[in-house]
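Dumped coords08.cif below, it's mmCIF, C-alpha atoms:
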```
data_protein
loop_
_atom_site.label_atom_id
_atom_site.label_comp_id
_atom_site.auth_asym_id
_atom_site.auth_seq_id
_atom_site.Cartn_x
_atom_site.Cartn_y
_atom_site.Cartn_z
CA MET A 1 -14.02 4.25 -9.73
CA LYS A 2 -12.20 6.99 -11.57
CA LYS A 3 -8.56 6.53 -12.58
CA SER A 4 -6.11 8.77 -14.39
CA GLN A 5 -4.59 7.61 -17.66
CA ARG A 6 -1.00 6.71 -16.93
CA GLN A 7 1.67 6.51 -19.63
CA ILE A 8 4.33 4.53 -17.78
CA TYR A 9 7.53 3.09 -19.22
CA SER A 10 10.76 1.62 -17.92
CA ASN A 11 14.27 2.33 -19.15
CA SER A 12 17.18 -0.09 -19.11
CA ASP A 13 18.16 0.89 -15.58
CA GLY A 14 14.80 -0.12 -14.12
CA TYR A 15 13.64 3.42 -13.43
CA TYR A 16 9.99 4.23 -14.04
CA SER A 17 8.89 7.50 -15.61
CA LEU A 18 5.66 9.39 -16.17
CA SER A 19 4.99 11.49 -19.23
CA VAL A 20 3.37 14.27 -17.19
CA SER A 21 5.44 15.76 -14.38
CA ASN A 22 2.57 17.12 -12.27
CA ARG A 23 0.99 13.73 -11.57
CA ARG A 24 1.13 12.46 -8.01
CA ARG A 25 0.24 9.08 -6.51
CA ILE A 26 -0.31 9.47 -2.78
CA VAL A 27 -0.93 6.60 -0.34
CA ILE A 28 -2.81 7.51 2.86
CA LEU A 29 -1.89 5.36 5.87
CA GLY A 30 -3.13 5.29 9.45
CA LYS A 31 -5.28 3.38 11.87
CA THR A 32 -9.05 3.05 11.53
CA GLY A 33 -10.87 6.19 12.68
CA SER A 34 -7.88 8.52 12.27
CA GLY A 35 -9.66 10.44 9.49
CA LYS A 36 -7.95 9.07 6.38
CA SER A 37 -11.06 9.15 4.17
CA SER A 38 -12.03 12.60 5.44
CA LEU A 39 -8.52 13.84 4.71
CA ALA A 40 -8.79 12.52 1.15
CA ASN A 41 -12.12 14.33 0.68
CA THR A 42 -10.66 17.54 2.13
CA ILE A 43 -7.75 17.40 -0.32
CA PHE A 44 -10.16 16.88 -3.23
CA GLY A 45 -12.70 19.41 -1.96
CA GLU A 46 -15.58 16.98 -2.39
CA GLU A 47 -16.76 13.70 -0.91
CA LEU A 48 -15.39 11.05 -3.26
CA PHE A 49 -14.51 8.67 -0.45
CA LYS A 50 -17.22 7.15 1.71
CA ILE A 51 -17.30 8.39 5.31
CA SER A 52 -18.88 6.55 8.23
CA HIS A 53 -19.22 7.79 11.79
CA ASN A 54 -19.47 4.21 13.02
CA PRO A 55 -15.95 3.13 14.10
CA ASN A 56 -16.74 -0.41 13.02
CA SER A 57 -17.68 0.69 9.49
CA GLU A 58 -14.79 2.87 8.40
CA THR A 59 -12.84 2.12 5.20
CA ARG A 60 -12.69 -1.67 4.93
CA GLU A 61 -11.07 -1.81 1.52
CA CYS A 62 -8.48 0.06 -0.50
CA GLU A 63 -9.96 2.81 -2.70
CA ALA A 64 -8.35 5.04 -5.33
CA GLU A 65 -9.65 8.24 -6.92
CA THR A 66 -8.03 10.78 -9.23
CA LYS A 67 -8.77 14.49 -9.55
CA SER A 68 -7.03 17.69 -10.60
CA VAL A 69 -6.15 19.85 -7.58
CA ASN A 70 -4.52 23.26 -8.05
CA GLY A 71 -2.97 22.26 -11.36
CA ARG A 72 -1.82 18.84 -10.20
CA SER A 73 -3.29 15.48 -11.19
CA ILE A 74 -3.64 13.75 -7.82
CA THR A 75 -4.39 10.06 -7.30
CA LEU A 76 -5.23 9.35 -3.67
CA ILE A 77 -5.10 5.76 -2.45
CA ASP A 78 -7.12 5.44 0.75
CA THR A 79 -6.24 2.31 2.73
CA PRO A 80 -7.92 0.35 5.51
CA GLY A 81 -6.23 0.41 8.91
CA PHE A 82 -2.94 -1.29 8.00
CA PHE A 83 -1.51 -0.52 11.42
CA ASP A 84 -4.53 -1.49 13.50
CA THR A 85 -3.70 -3.93 16.27
CA ASP A 86 -7.24 -5.34 16.35
CA ARG A 87 -7.64 -6.25 12.66
CA SER A 88 -7.24 -9.86 11.61
CA GLU A 89 -4.66 -11.03 9.07
CA GLU A 90 -7.33 -12.15 6.63
CA GLU A 91 -9.21 -8.84 6.86
CA LEU A 92 -6.19 -6.86 5.74
CA LYS A 93 -4.32 -9.18 3.40
CA GLU A 94 -6.37 -8.59 0.25
CA GLU A 95 -6.42 -4.84 0.77
CA ILE A 96 -2.65 -4.59 1.21
CA VAL A 97 -2.22 -6.46 -2.07
CA LYS A 98 -4.74 -4.14 -3.72
CA CYS A 99 -2.82 -1.12 -2.48
CA ILE A 100 0.39 -2.55 -3.95
CA THR A 101 -1.19 -2.95 -7.39
CA GLU A 102 -2.88 0.47 -7.26
CA CYS A 103 0.30 2.41 -6.44
CA ALA A 104 2.76 0.48 -8.67
CA PRO A 105 5.45 1.35 -9.70
CA GLY A 106 5.41 3.43 -6.53
CA PRO A 107 3.83 6.41 -4.75
CA HIS A 108 5.23 9.92 -4.76
CA ALA A 109 4.21 10.32 -1.13
CA PHE A 110 2.98 8.48 1.93
CA LEU A 111 0.72 10.45 4.25
CA ILE A 112 0.88 9.06 7.80
CA VAL A 113 -2.38 10.16 9.44
CA LEU A 114 -2.63 10.73 13.20
CA LYS A 115 -5.13 12.60 15.38
CA VAL A 116 -4.40 15.71 17.41
CA GLU A 117 -5.08 14.09 20.76
CA LYS A 118 -3.51 12.90 23.96
CA PHE A 119 -1.42 9.90 23.06
CA THR A 120 -2.25 6.76 25.01
CA LYS A 121 -0.38 3.46 25.06
CA HIS A 122 -2.45 2.36 22.07
CA GLU A 123 -1.40 5.34 19.92
CA GLN A 124 2.20 4.77 20.94
CA GLU A 125 1.95 1.16 19.77
CA ILE A 126 0.67 2.39 16.40
CA ILE A 127 3.66 4.72 15.99
CA ASN A 128 6.05 1.94 16.98
CA THR A 129 4.45 -0.31 14.36
CA ILE A 130 4.77 2.40 11.68
CA GLN A 131 8.45 2.89 12.47
CA GLU A 132 8.97 -0.87 12.39
CA TYR A 133 7.50 -1.28 8.90
CA PHE A 134 8.90 1.82 7.17
CA SER A 135 12.36 1.57 5.68
CA GLU A 136 14.68 4.57 5.88
CA GLU A 137 14.16 5.06 2.14
CA ALA A 138 10.37 5.13 2.48
CA PHE A 139 10.58 7.78 5.22
CA LYS A 140 12.13 10.12 2.63
CA TYR A 141 8.73 10.11 0.89
CA ALA A 142 6.57 10.37 4.01
CA THR A 143 4.76 13.27 5.66
CA VAL A 144 2.81 13.19 8.91
CA VAL A 145 -0.66 14.73 8.67
CA PHE A 146 -2.66 15.40 11.84
CA THR A 147 -6.46 15.50 11.76
CA HIS A 148 -8.90 17.05 14.28
CA GLY A 149 -6.96 20.32 14.20
CA GLU A 150 -9.71 21.96 16.24
CA GLN A 151 -8.17 20.21 19.25
CA LEU A 152 -5.13 22.48 18.96
CA PRO A 153 -5.31 25.29 21.54
CA GLU A 154 -5.94 28.73 20.07
CA GLY A 155 -2.78 30.16 18.55
CA GLN A 156 -0.83 26.89 18.73
CA LYS A 157 0.73 25.37 15.63
CA ILE A 158 1.17 21.68 14.96
CA GLU A 159 4.93 21.91 15.47
CA ASP A 160 4.28 22.99 19.08
CA PHE A 161 2.05 19.97 19.62
CA VAL A 162 4.64 17.63 18.12
CA SER A 163 7.44 18.95 20.31
CA LYS A 164 5.58 17.94 23.49
CA ASN A 165 5.77 14.19 22.73
CA ARG A 166 9.13 12.49 22.13
CA LEU A 167 7.66 9.56 20.19
CA ILE A 168 5.73 11.82 17.78
CA SER A 169 8.69 14.15 17.51
CA ASP A 170 10.98 11.27 16.56
CA LEU A 171 8.51 10.12 13.88
CA VAL A 172 8.29 13.60 12.35
CA LYS A 173 12.09 13.89 12.37
CA LYS A 174 12.32 10.59 10.45
CA CYS A 175 9.98 12.20 7.90
CA GLY A 176 12.37 15.10 7.40
CA GLY A 177 10.45 17.35 9.79
CA ARG A 178 7.41 17.34 7.46
CA CYS A 179 4.07 17.65 9.26
CA HIS A 180 0.74 19.38 8.63
CA VAL A 181 -2.63 19.67 10.30
CA ILE A 182 -6.17 19.50 8.90
CA ASP A 183 -9.60 19.74 10.48
CA ASN A 184 -12.05 17.93 8.22
CA ARG A 185 -15.09 19.10 10.19
CA TYR A 186 -14.59 22.63 11.53
CA TRP A 187 -12.06 24.35 9.29
CA LYS A 188 -14.31 24.65 6.25
CA GLU A 189 -15.28 28.29 6.61
CA LYS A 190 -12.75 31.06 6.04
CA PRO A 191 -11.35 31.79 9.50
CA LYS A 192 -9.71 34.90 10.91
CA ASP A 193 -6.49 32.94 11.28
CA GLU A 194 -5.35 31.66 7.87
CA TYR A 195 -3.53 28.79 9.57
CA ARG A 196 -6.89 27.29 10.59
CA SER A 197 -8.09 26.99 7.01
CA ASN A 198 -8.29 23.65 5.22
CA GLN A 199 -7.78 25.40 1.90
CA PHE A 200 -4.54 26.92 3.18
CA GLN A 201 -3.36 23.67 4.78
CA VAL A 202 -4.10 21.57 1.68
CA GLU A 203 -2.05 23.89 -0.52
CA GLU A 204 0.79 23.85 2.03
CA LEU A 205 0.64 20.04 2.09
CA LEU A 206 0.79 19.82 -1.71
CA LYS A 207 3.72 22.25 -1.74
CA THR A 208 5.49 20.03 0.78
CA ILE A 209 4.95 17.00 -1.47
CA ASP A 210 6.27 18.97 -4.46
CA LYS A 211 9.39 19.95 -2.50
CA MET A 212 9.80 16.38 -1.32
CA VAL A 213 9.67 15.04 -4.90
CA THR A 214 12.22 17.68 -5.96
CA ALA A 215 14.50 16.76 -3.05
CA ASN A 216 14.22 13.14 -4.17
CA ASN A 217 15.47 14.11 -7.65
CA GLY A 218 12.01 14.18 -9.20
CA SER A 219 11.29 10.59 -8.29
CA CYS A 220 8.60 8.50 -6.70
CA TYR A 221 9.30 5.86 -4.08
CA THR A 222 9.80 2.37 -5.42
CA ASN A 223 11.54 -0.90 -4.61
CA GLU A 224 12.17 -4.21 -6.33
CA MET A 225 8.80 -5.61 -5.31
CA LEU A 226 6.84 -2.63 -6.65
CA GLN A 227 8.84 -2.73 -9.89
CA GLU A 228 8.16 -6.46 -10.24
CA VAL A 229 4.43 -5.82 -9.86
CA GLU A 230 4.60 -2.99 -12.41
CA GLY A 231 6.36 -5.35 -14.80
CA MET A 232 3.55 -7.88 -14.36
CA ILE A 233 0.99 -5.15 -15.08
CA LYS A 234 2.83 -4.08 -18.23
CA GLN A 235 2.94 -7.67 -19.49
CA GLU A 236 -0.81 -7.98 -19.00
CA GLU A 237 -1.38 -4.64 -20.77
CA GLU A 238 0.42 -5.95 -23.86
CA LYS A 239 -1.66 -9.12 -23.88
CA ILE A 240 -4.88 -7.11 -23.58
CA ARG A 241 -3.89 -4.80 -26.46
CA LEU A 242 -3.29 -7.81 -28.72
CA LEU A 243 -6.56 -9.51 -27.83
CA ILE A 244 -8.91 -6.55 -27.40
CA GLY A 245 -8.65 -3.59 -29.74
CA ASN A 246 -11.47 -1.33 -28.59
CA MET A 247 -10.34 -0.41 -25.06
CA THR A 248 -8.91 2.92 -23.93
CA GLU A 249 -5.49 3.04 -22.31
CA GLU A 250 -7.20 3.76 -18.99
CA GLU A 251 -9.40 0.67 -19.35
CA ILE A 252 -6.42 -1.47 -20.39
CA ARG A 253 -4.43 -0.32 -17.38
CA GLN A 254 -7.26 -1.05 -14.96
CA THR A 255 -8.01 -4.47 -16.46
CA ALA A 256 -4.31 -5.39 -16.25
CA LYS A 257 -4.16 -4.30 -12.61
CA ASP A 258 -7.25 -6.36 -11.80
CA ARG A 259 -5.64 -9.46 -13.31
CA VAL A 260 -2.37 -8.97 -11.46
CA TYR A 261 -4.26 -8.34 -8.22
CA LYS A 262 -5.96 -11.73 -8.52
CA VAL A 263 -2.62 -13.41 -9.10
CA LEU A 264 -1.01 -11.70 -6.11
CA ILE A 265 -3.90 -12.77 -3.90
CA ARG A 266 -3.06 -16.37 -4.77
CA LEU A 267 0.46 -15.72 -3.52
CA ALA A 268 -0.73 -14.11 -0.29
CA GLY A 269 0.02 -17.05 1.96
CA VAL A 270 2.40 -14.82 3.88
CA GLY A 271 1.28 -12.70 6.82
CA THR A 272 0.05 -9.16 6.40
CA GLY A 273 3.19 -7.85 8.08
CA VAL A 274 5.31 -9.31 5.30
CA PHE A 275 3.29 -7.54 2.60
CA ILE A 276 3.25 -4.23 4.48
CA GLY A 277 7.00 -4.52 5.02
CA ALA A 278 7.53 -5.27 1.33
CA LEU A 279 5.42 -2.27 0.29
CA LEU A 280 7.32 0.04 2.63
CA GLY A 281 10.73 -1.30 1.73
CA VAL A 282 11.88 -3.56 4.58
CA THR A 283 14.64 -5.44 2.76
CA VAL A 284 13.98 -8.92 4.15
CA MET A 285 10.27 -8.62 3.40
CA VAL A 286 10.91 -7.42 -0.16
CA GLY A 287 13.18 -10.40 -0.70
CA VAL A 288 10.54 -12.81 0.54
CA VAL A 289 7.80 -11.53 -1.77
CA ILE A 290 10.14 -11.15 -4.77
CA THR A 291 11.25 -14.77 -4.47
CA ALA A 292 7.60 -15.80 -4.54
CA LEU A 293 6.76 -13.61 -7.53
CA LYS A 294 9.64 -15.05 -9.54
CA THR A 295 8.84 -18.66 -8.66
CA VAL A 296 6.04 -19.11 -11.17
CA SER A 297 4.42 -17.15 -13.99
CA ILE A 298 0.99 -15.57 -13.97
CA THR A 299 -0.27 -18.17 -16.44
CA THR A 300 0.98 -21.08 -14.33
CA ILE A 301 -0.77 -19.84 -11.20
CA VAL A 302 -4.04 -19.09 -12.94
CA ASN A 303 -4.10 -22.38 -14.88
CA THR A 304 -3.24 -24.46 -11.82
CA ALA A 305 -5.84 -22.70 -9.73
CA ASP A 306 -8.48 -23.32 -12.38
CA THR A 307 -7.62 -27.03 -12.43
CA VAL A 308 -7.92 -27.32 -8.67
CA GLY A 309 -11.16 -25.37 -8.76
CA ARG A 310 -12.71 -27.84 -11.17
CA ALA A 311 -11.45 -30.84 -9.23
CA VAL A 312 -12.57 -29.99 -5.73
CA GLY A 313 -14.75 -26.90 -6.01
CA ALA A 314 -13.54 -23.35 -6.52
CA ARG A 315 -13.99 -22.29 -2.91
CA ASP A 316 -13.36 -25.38 -0.79
CA GLY A 317 -10.62 -26.91 -2.93
CA ALA A 318 -8.55 -23.81 -3.49
CA ALA A 319 -9.02 -22.42 0.00
CA GLY A 320 -8.41 -25.80 1.61
CA ALA A 321 -5.25 -26.54 -0.34
CA LEU A 322 -3.78 -23.06 0.04
CA GLY A 323 -4.80 -22.77 3.67
CA ALA A 324 -3.34 -26.12 4.69
CA ALA A 325 -0.18 -25.50 2.71
CA THR A 326 0.29 -22.11 4.29
CA VAL A 327 -0.17 -23.38 7.85
CA VAL A 328 2.02 -26.44 7.45
CA THR A 329 4.79 -24.52 5.71
CA GLY A 330 4.72 -21.79 8.31
CA ILE A 331 5.26 -24.40 11.04
CA ILE A 332 7.88 -26.50 9.27
CA ALA A 333 9.93 -23.88 7.42
CA SER A 334 9.50 -21.09 9.97
CA ALA A 335 9.76 -18.60 7.11
CA ALA A 336 7.18 -16.44 5.35
CA ILE A 337 8.48 -17.39 1.93
CA GLY A 338 7.64 -21.00 2.72
CA ALA A 339 4.01 -20.02 3.11
CA VAL A 340 3.93 -18.36 -0.31
CA LYS A 341 5.71 -21.19 -2.08
CA GLY A 342 3.66 -23.64 -0.03
CA GLY A 343 0.49 -22.21 -1.49
CA ILE A 344 1.80 -22.78 -5.01
CA GLU A 345 2.99 -26.31 -4.20
CA GLY A 346 -0.38 -26.97 -2.59
CA TYR A 347 -2.22 -26.00 -5.77
CA ARG A 348 0.01 -28.24 -7.85
CA ALA A 349 -0.20 -31.22 -5.52
CA ALA A 350 -3.99 -30.95 -5.21
CA GLU A 351 -4.53 -31.33 -8.94
CA GLY A 352 -6.74 -34.34 -9.61
CA ALA A 353 -8.02 -34.62 -6.05
CA ASP A 354 -11.68 -35.61 -5.77
CA THR A 355 -12.42 -33.97 -2.43
CA ALA A 356 -11.29 -30.97 -0.46
CA TRP A 357 -9.92 -33.28 2.26
CA GLU A 358 -7.82 -35.19 -0.24
CA ALA A 359 -6.56 -31.91 -1.73
CA THR A 360 -5.58 -30.73 1.75
CA LYS A 361 -3.64 -33.92 2.51
CA ARG A 362 -1.80 -33.77 -0.81
CA ALA A 363 -0.97 -30.09 -0.28
CA ALA A 364 0.36 -30.71 3.22
CA GLU A 365 2.60 -33.56 2.06
CA ALA A 366 3.94 -31.51 -0.87
CA VAL A 367 4.78 -28.59 1.41
CA LYS A 368 6.50 -30.88 3.88
CA ASN A 369 8.80 -32.16 1.14
CA GLU A 370 9.55 -28.70 -0.25
CA ALA A 371 9.86 -26.68 2.95
CA GLN A 372 13.59 -27.02 3.63
CA SER A 373 14.71 -26.24 0.09
CA VAL A 374 12.39 -23.20 -0.03
CA TYR A 375 13.76 -21.86 3.22
CA THR A 376 17.34 -22.23 2.01
CA LYS A 377 16.57 -20.51 -1.30
CA ALA A 378 14.81 -17.60 0.45
CA LYS A 379 17.67 -17.12 2.88
CA ASP A 380 20.20 -16.99 0.03
CA THR A 381 18.06 -14.38 -1.75
CA VAL A 382 17.80 -12.18 1.33
CA ASP A 383 21.55 -12.42 2.01
CA LYS A 384 22.32 -11.16 -1.49
CA MET A 385 19.99 -8.15 -1.27
CA SER A 386 22.50 -5.48 -0.28
CA GLU A 387 22.04 -3.06 -3.18
CA PRO A 388 20.27 0.28 -2.45
CA LYS A 389 16.71 0.70 -3.65
CA LYS A 390 16.09 2.48 -6.94
CA SER A 391 13.85 5.47 -7.43
CA CYS A 392 11.39 5.93 -10.24
CA HIS A 393 11.56 9.24 -12.10
CA LEU A 394 8.49 11.29 -12.99
#
```

What would the structure in this file look like if it were written as structure tokens?
Amino acid sequence: MKKSQRQIYSNSDGYYSLSVSNRRRIVILGKTGSGKSSLANTIFGEELFKISHNPNSETRECEAETKSVNGRSITLIDTPGFFDTDRSEEELKEEIVKCITECAPGPHAFLIVLKVEKFTKHEQEIINTIQEYFSEEAFKYATVVFTHGEQLPEGQKIEDFVSKNRLISDLVKKCGGRCHVIDNRYWKEKPKDEYRSNQFQVEELLKTIDKMVTANNGSCYTNEMLQEVEGMIKQEEEKIRLLIGNMTEEEIRQTAKDRVYKVLIRLAGVGTGVFIGALLGVTVMVGVVITALKTVSITTIVNTADTVGRAVGARDGAAGALGAATVVTGIIASAAIGAVKGGIEGYRAAEGADTAWEATKRAAEAVKNEAQSVYTKAKDTVDKMSEPKKSCHL
């Protein structure tokens, strides 16, 4: 997997900057089968992302690729169907966490991908879900991109299509009126009408992103959770530099992200909706995940997990303890943060257990004892989170 070398630093105000102003991190969101991977390939002008025509075999994991496009260094982060209503929690959880680590300290743009088609109840549910998870701040960095442009009647522009559906029109308005159309299959040849050219539409899309970044004072979208993850990555980078002297900055960055990803997975006792909400800036969700991230250090989580793994078996012990803790906490505390903290308490309580069953019982008891205090602490954190989100400069 190719990655760009990123020179990222933080100033005293918590803003993140990039040394090169023409770099863009772009997260592509949409349901399975909407054409996200094809859109990424169209933007890059080559097939770097795997395409499948089987609806059950589309992108199942988060992928990131970097390439220079028209003088810009573009990193595209292709995601699985975060907003699918038929995907299980467990299917999506790891990939949401991977997306968070890939785009930290934040993306310059979100591309919300929809098809040019008649909108059924199912498509309307997808749009409702998108509007539920996006914060007002995140919408400032979002653009709607329609695929299957061939479905547009001859001479019609995407704005005309949008105006015919109130739900779509409202979504585009939330995105500052930004919308574009692509046809990944038919618009490859140079047409008589320039509008029906992928080359033309890609450049227009990139110009829109440039204007959007300028309107946002040269910043990328970020929030406290994304900054916390970036801070974890930077800490790991420093450790790697001290221990290993023959790695490139690109390799150091990727190794650090891989380590942080594994840690975040261990904290993923919360539902997928919580992580999506935290990524897209829903204040309560950000507060929940931040409280979990600040509860223990990377070293503590990794060391505790290793101990449990040796005691009861890496798979059964860890999964049993974390799974039981998550379920019990979710029932008792009725709060997502309880599930995250419950996973950590489960690991600690299971230390020294001889069997997976014993580890599970210890984890459940530990979570029961901790649940009320965790809930109270999380609520206090959320109540205090009234400050506006910060942006990260280029």

What's the 12 Å shell around Glu65 in chain A, counting all atoms listed in the file, without same-chain residues fewer than 5 positions away, as an MDAnalysis selection string? chainID A and resid 1:5 24:28 37 40:41 43:44 46:50 73:79 102:103

I'd like to know which of A:Val181, A:Ser38, A:Gln124, A:Leu171 is closest to Gln156 in chain A, using only C-alpha atoms.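 Comparing A:Val181, A:Ser38, A:Gln124, A:Leu171 against Gln156 in chain A, the winner is A:Val181.
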
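Our summary of the geometry notes that CA of Thr214 in chain A is positioned 27.0 Å from CA of Arg196 in chain A.
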
What is the CA of Glu150 in chain A-CA of Phe134 in chain A distance in Å, reported with one decimal?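 CA of Phe134 in chain A lies at a distance of 28.9 Å from CA of Glu150 in chain A.
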
In Å, rounded to a single decimal, give me how far CA of Tyr221 in chain A is from CA of Arg266 in chain A.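 We find that CA of Arg266 in chain A and CA of Tyr221 in chain A lie 25.4 Å from each other.
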
Pick from A:Gly177, A:Gly106, A:Gly45, A:Gly35: nearest to Ser163 in chain A, with all atoms listed in the file counted?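 With all atoms listed in the file as the atom set, the closest residue is A:Gly177.
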
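With all atoms listed in the file as the atoms that count, the minimum distance from Met232 in chain A to the choices A:Cys175, A:Leu279, A:Ala104, A:Val202 is reached by A:Ala104.
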
I need the residue set behind the PyMOL selection byres ((chain A and resi 233-236) around 10) for this file; please write it as a list in words.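 What the PyMOL selection byres ((chain A and resi 233-236) around 10) grabs from the file is Ile8, Tyr9, Ser10, Thr101, Ala104, Pro105, Gln227, Glu228, Val229, Glu230, Gly231, Met232, Glu237, Glu238, Lys239, Ile240, Arg241, Ile252, Arg253, Gln254, Thr255, Ala256, Lys257, Asp258, Arg259, Val260, Tyr261 and Ile298 of chain A.
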
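Of the residues listed (A:Glu189, A:Glu95, A:Glu159, A:Glu251), A:Glu95 shows the shortest atom-to-atom separation from Glu63 in chain A; distances use all atoms listed in the file.
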
Would you mind listing what lies within 9 Å of Lys140 in chain A as a list in words, with only C-alpha atoms counted and same-chain residues fewer than 5 positions away left out?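 Counting only the stated atoms, we get Ala109, Lys174, Cys175, Gly176, Met212, Asn216 and Tyr221 of chain A.
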